[in-house]
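Have a look at the structure below, then the notes.
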Amino acid sequence: MDLRALLREIPDVPKPGILFFDITPLLGDGVAFRKAIDTFAERFADKGATKVVCAEARGFIFGAALAYKLGIGFVPVRKPGKLPWKTASVTYDLEYGTDTLCMHEDALLHGEKVLVIDDVLATGGTLTGMLQLMKNFEAEIVGIGILVELCFLNGRDKLNGLPLDSIIQIS
Ligand code: PRP
Ligand code: MG
């Protein structure tokens with residue numbers, strides 16, 4: 001099944017000169033969506049992970065389904081003001097400005113093995129922020145899974161050699 005063919009390319013979104021890769025056609029195809037989750041599951045099933053950590057909003061779609069498939073826990077990383085308990089937070093740089101992500105401070109156990117999942121890797125800002133946030137926890141990142149890697153933006157270079165597994169690469 002060609003998952004790449006189910007990405008819709010939309011020019012000039014969100015601003016002129018940017019080509020947006022829309023995952024909703026893939027999500028809307030039950031066979032393709034299952035294939036994406038099964039592919040993540042095959043790649044990460046033997047890592048011994050006990051939690052999937054994901055940033056809202058689109059990361060939740062894949063992370064929650066993968067956690068269900070692997071029978072492990074799900075940890076939401078959210079924008080400020082959304083989580084009701086005590087949080088750890090990180091503010092990270094975007095191309096223009098900054099963003100903040102939060103996670104409950106008791107979301108991970110010491111030494112717990114985790115998978116970090118997101119739909120798209122573009123500049124790597126979100127993922128770098130997530131990894132910075134995870135430093136508050138003595139957790140071990142045993143896998144990073146991305147559905148669509150925009151390779152030409154070189155986001156992978158920001159990961160200091162941490163292994164990243166993408167299902168679709170756009171060059
Ligand atoms: C999108 C996408 C990734 C991120 C990738 O999230 O879901 O999380 O951008 O871009 P980056 O590598 O440059 O950080 P965004 O916060 O834009 O929207 P969402 O809430 O729909 O997930
Ligand atoms: Mg996102």
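Following the order of the structure tokens, chains are lettered A, B, ..., residues in each are numbered from 1, and ligands are numbered from 1.
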
**Request:** Could you please write out, as a PyMOL selection string, every residue of chain A that DSSP assigns to strand (DSSP E)?
**Result:** chain A and resi 8-11+19-22+51-55+73-77+87-93+98-104+113-121+140-150+165-170

Env. residues ligand 2 / 12 Å / only C-alpha atoms and all ligand atoms / as a short mmCIF file (atom, residue, chain, number, x, y, z; two decimals) with C-alpha atoms, in the first residue's frame:
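Contents of selection.cif, freshly written:
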data_model
loop_
_atom_site.label_atom_id
_atom_site.label_comp_id
_atom_site.auth_asym_id
_atom_site.auth_seq_id
_atom_site.Cartn_x
_atom_site.Cartn_y
_atom_site.Cartn_z
CA ILE A 23 -2.34 13.67 6.29
CA CYS A 54 3.03 12.46 22.08
CA ALA A 55 2.41 16.15 21.58
CA GLU A 56 -1.04 17.45 20.78
CA ALA A 57 -2.80 17.57 18.45
CA ARG A 58 -1.86 15.42 15.49
CA GLY A 59 0.63 13.32 17.44
CA PHE A 60 -2.25 12.02 19.57
CA ILE A 61 -3.90 10.41 16.55
CA PHE A 62 -0.98 8.07 15.91
CA GLY A 63 0.37 7.76 19.43
CA PRO A 76 -0.12 13.44 26.49
CA VAL A 77 2.16 16.44 26.02
CA ARG A 78 0.00 19.53 25.84
CA LYS A 79 -0.03 23.27 25.42
CA ASP A 99 6.17 27.69 22.00
CA LEU A 101 4.83 22.21 25.94
CA ILE A 117 5.65 9.56 18.15
CA ASP A 118 4.52 12.43 15.90
CA ASP A 119 2.89 12.78 12.50
CA VAL A 120 5.40 15.11 10.81
CA LEU A 121 9.03 16.08 11.31
CA ALA A 122 9.61 19.45 9.70
CA THR A 123 12.15 21.82 11.30
CA GLY A 124 12.49 19.49 14.30
CA GLY A 125 11.41 22.25 16.71
CA THR A 126 8.56 20.27 18.25
CA LEU A 127 10.59 17.10 18.63
CA GLY A 129 11.21 20.58 22.61
CA MET A 130 9.75 17.18 23.50
CA ILE A 146 7.47 9.87 12.60
CA LEU A 147 4.92 9.28 9.84
CA VAL A 148 6.20 11.93 7.39
#

Original post:
So which residues of chain A fall under helix (DSSP H, G or I) by DSSP, listed as a PyMOL selection string?
Top reply: chain A and resi 4-6+24-27+30-47+58-70+125-134+151-153+155-159

The residue from A:Gly17, A:Ile141, A:Leu162, A:Tyr96 with the smallest atom-to-atom distance to Phe44 of chain A, counting only C-alpha atoms, is A:Ile141

task: Just the residues within 8 Å of Val114 of chain A, please, counting only C-alpha atoms, with nothing from its chain fewer than 5 positions along; format it as a ChimeraX atom specification.
output: /A:49-53,139-143

Need to verify the contact set: Asp22 of chain A, 7 Å, only C-alpha atoms, exclusion of same-chain residues closer than 3 positions in sequence. Can you return it as a PDB file with N, CA, C and O atoms, in the first residue's frame?
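Result file is out00.pdb:
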ATOM      1  N   LEU A   7      -0.951  11.376   0.782  1.00  0.00           N
ATOM      2  CA  LEU A   7      -0.681  12.707   1.348  1.00  0.00           C
ATOM      3  C   LEU A   7      -1.114  13.752   0.321  1.00  0.00           C
ATOM      4  O   LEU A   7      -0.746  13.662  -0.849  1.00  0.00           O
ATOM      5  N   ARG A   8      -1.888  14.714   0.752  1.00  0.00           N
ATOM      6  CA  ARG A   8      -2.333  15.781  -0.158  1.00  0.00           C
ATOM      7  C   ARG A   8      -1.379  16.964  -0.030  1.00  0.00           C
ATOM      8  O   ARG A   8      -1.166  17.469   1.079  1.00  0.00           O
ATOM      9  N   GLU A   9      -0.836  17.391  -1.158  1.00  0.00           N
ATOM     10  CA  GLU A   9       0.113  18.508  -1.149  1.00  0.00           C
ATOM     11  C   GLU A   9      -0.636  19.795  -1.452  1.00  0.00           C
ATOM     12  O   GLU A   9      -1.262  19.913  -2.510  1.00  0.00           O
TER      13      GLU A   9
END

Shell around Leu6 of chain A at 9 Å using only C-alpha atoms, local window under 3 positions removed, as JSON, numbers by chain: {"A": [2, 3, 22, 23, 24, 25, 26, 27, 29, 32]}

*Residues near Leu19 of chain A, cut-off 7 Å, only C-alpha atoms, skip fewer than 3 positions along chain, as a list in words*: Glu9, Ile10, Pro11, Asp12 and Val13 of chain A

Write out the residues from the selection above, keeping C-alpha atoms, as an mmCIF file, in the first residue's frame.
data_model
loop_
_atom_site.group_PDB
_atom_site.id
_atom_site.type_symbol
_atom_site.label_atom_id
_atom_site.label_comp_id
_atom_site.auth_asym_id
_atom_site.auth_seq_id
_atom_site.Cartn_x
_atom_site.Cartn_y
_atom_site.Cartn_z
ATOM 1 C CA GLU A 9 0.113 18.508 -1.149
ATOM 2 C CA ILE A 10 -1.313 21.995 -0.681
ATOM 3 C CA PRO A 11 0.765 24.936 -1.913
ATOM 4 C CA ASP A 12 1.017 28.193 0.033
ATOM 5 C CA VAL A 13 -0.367 26.812 3.301
#

One residue among A:Phe33, A:Phe20, A:Trp85, A:Phe74 is nearest to ligand 1 when using only C-alpha atoms and all ligand atoms, and that residue is A:Phe20

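Residues surrounding Gln169 of chain A within 9 Å are A:Arg4, A:Leu147, A:Val148, A:Glu149, A:Leu150, A:Cys151, A:Ser166 [only C-alpha atoms; sequence separation below 3 positions excluded].
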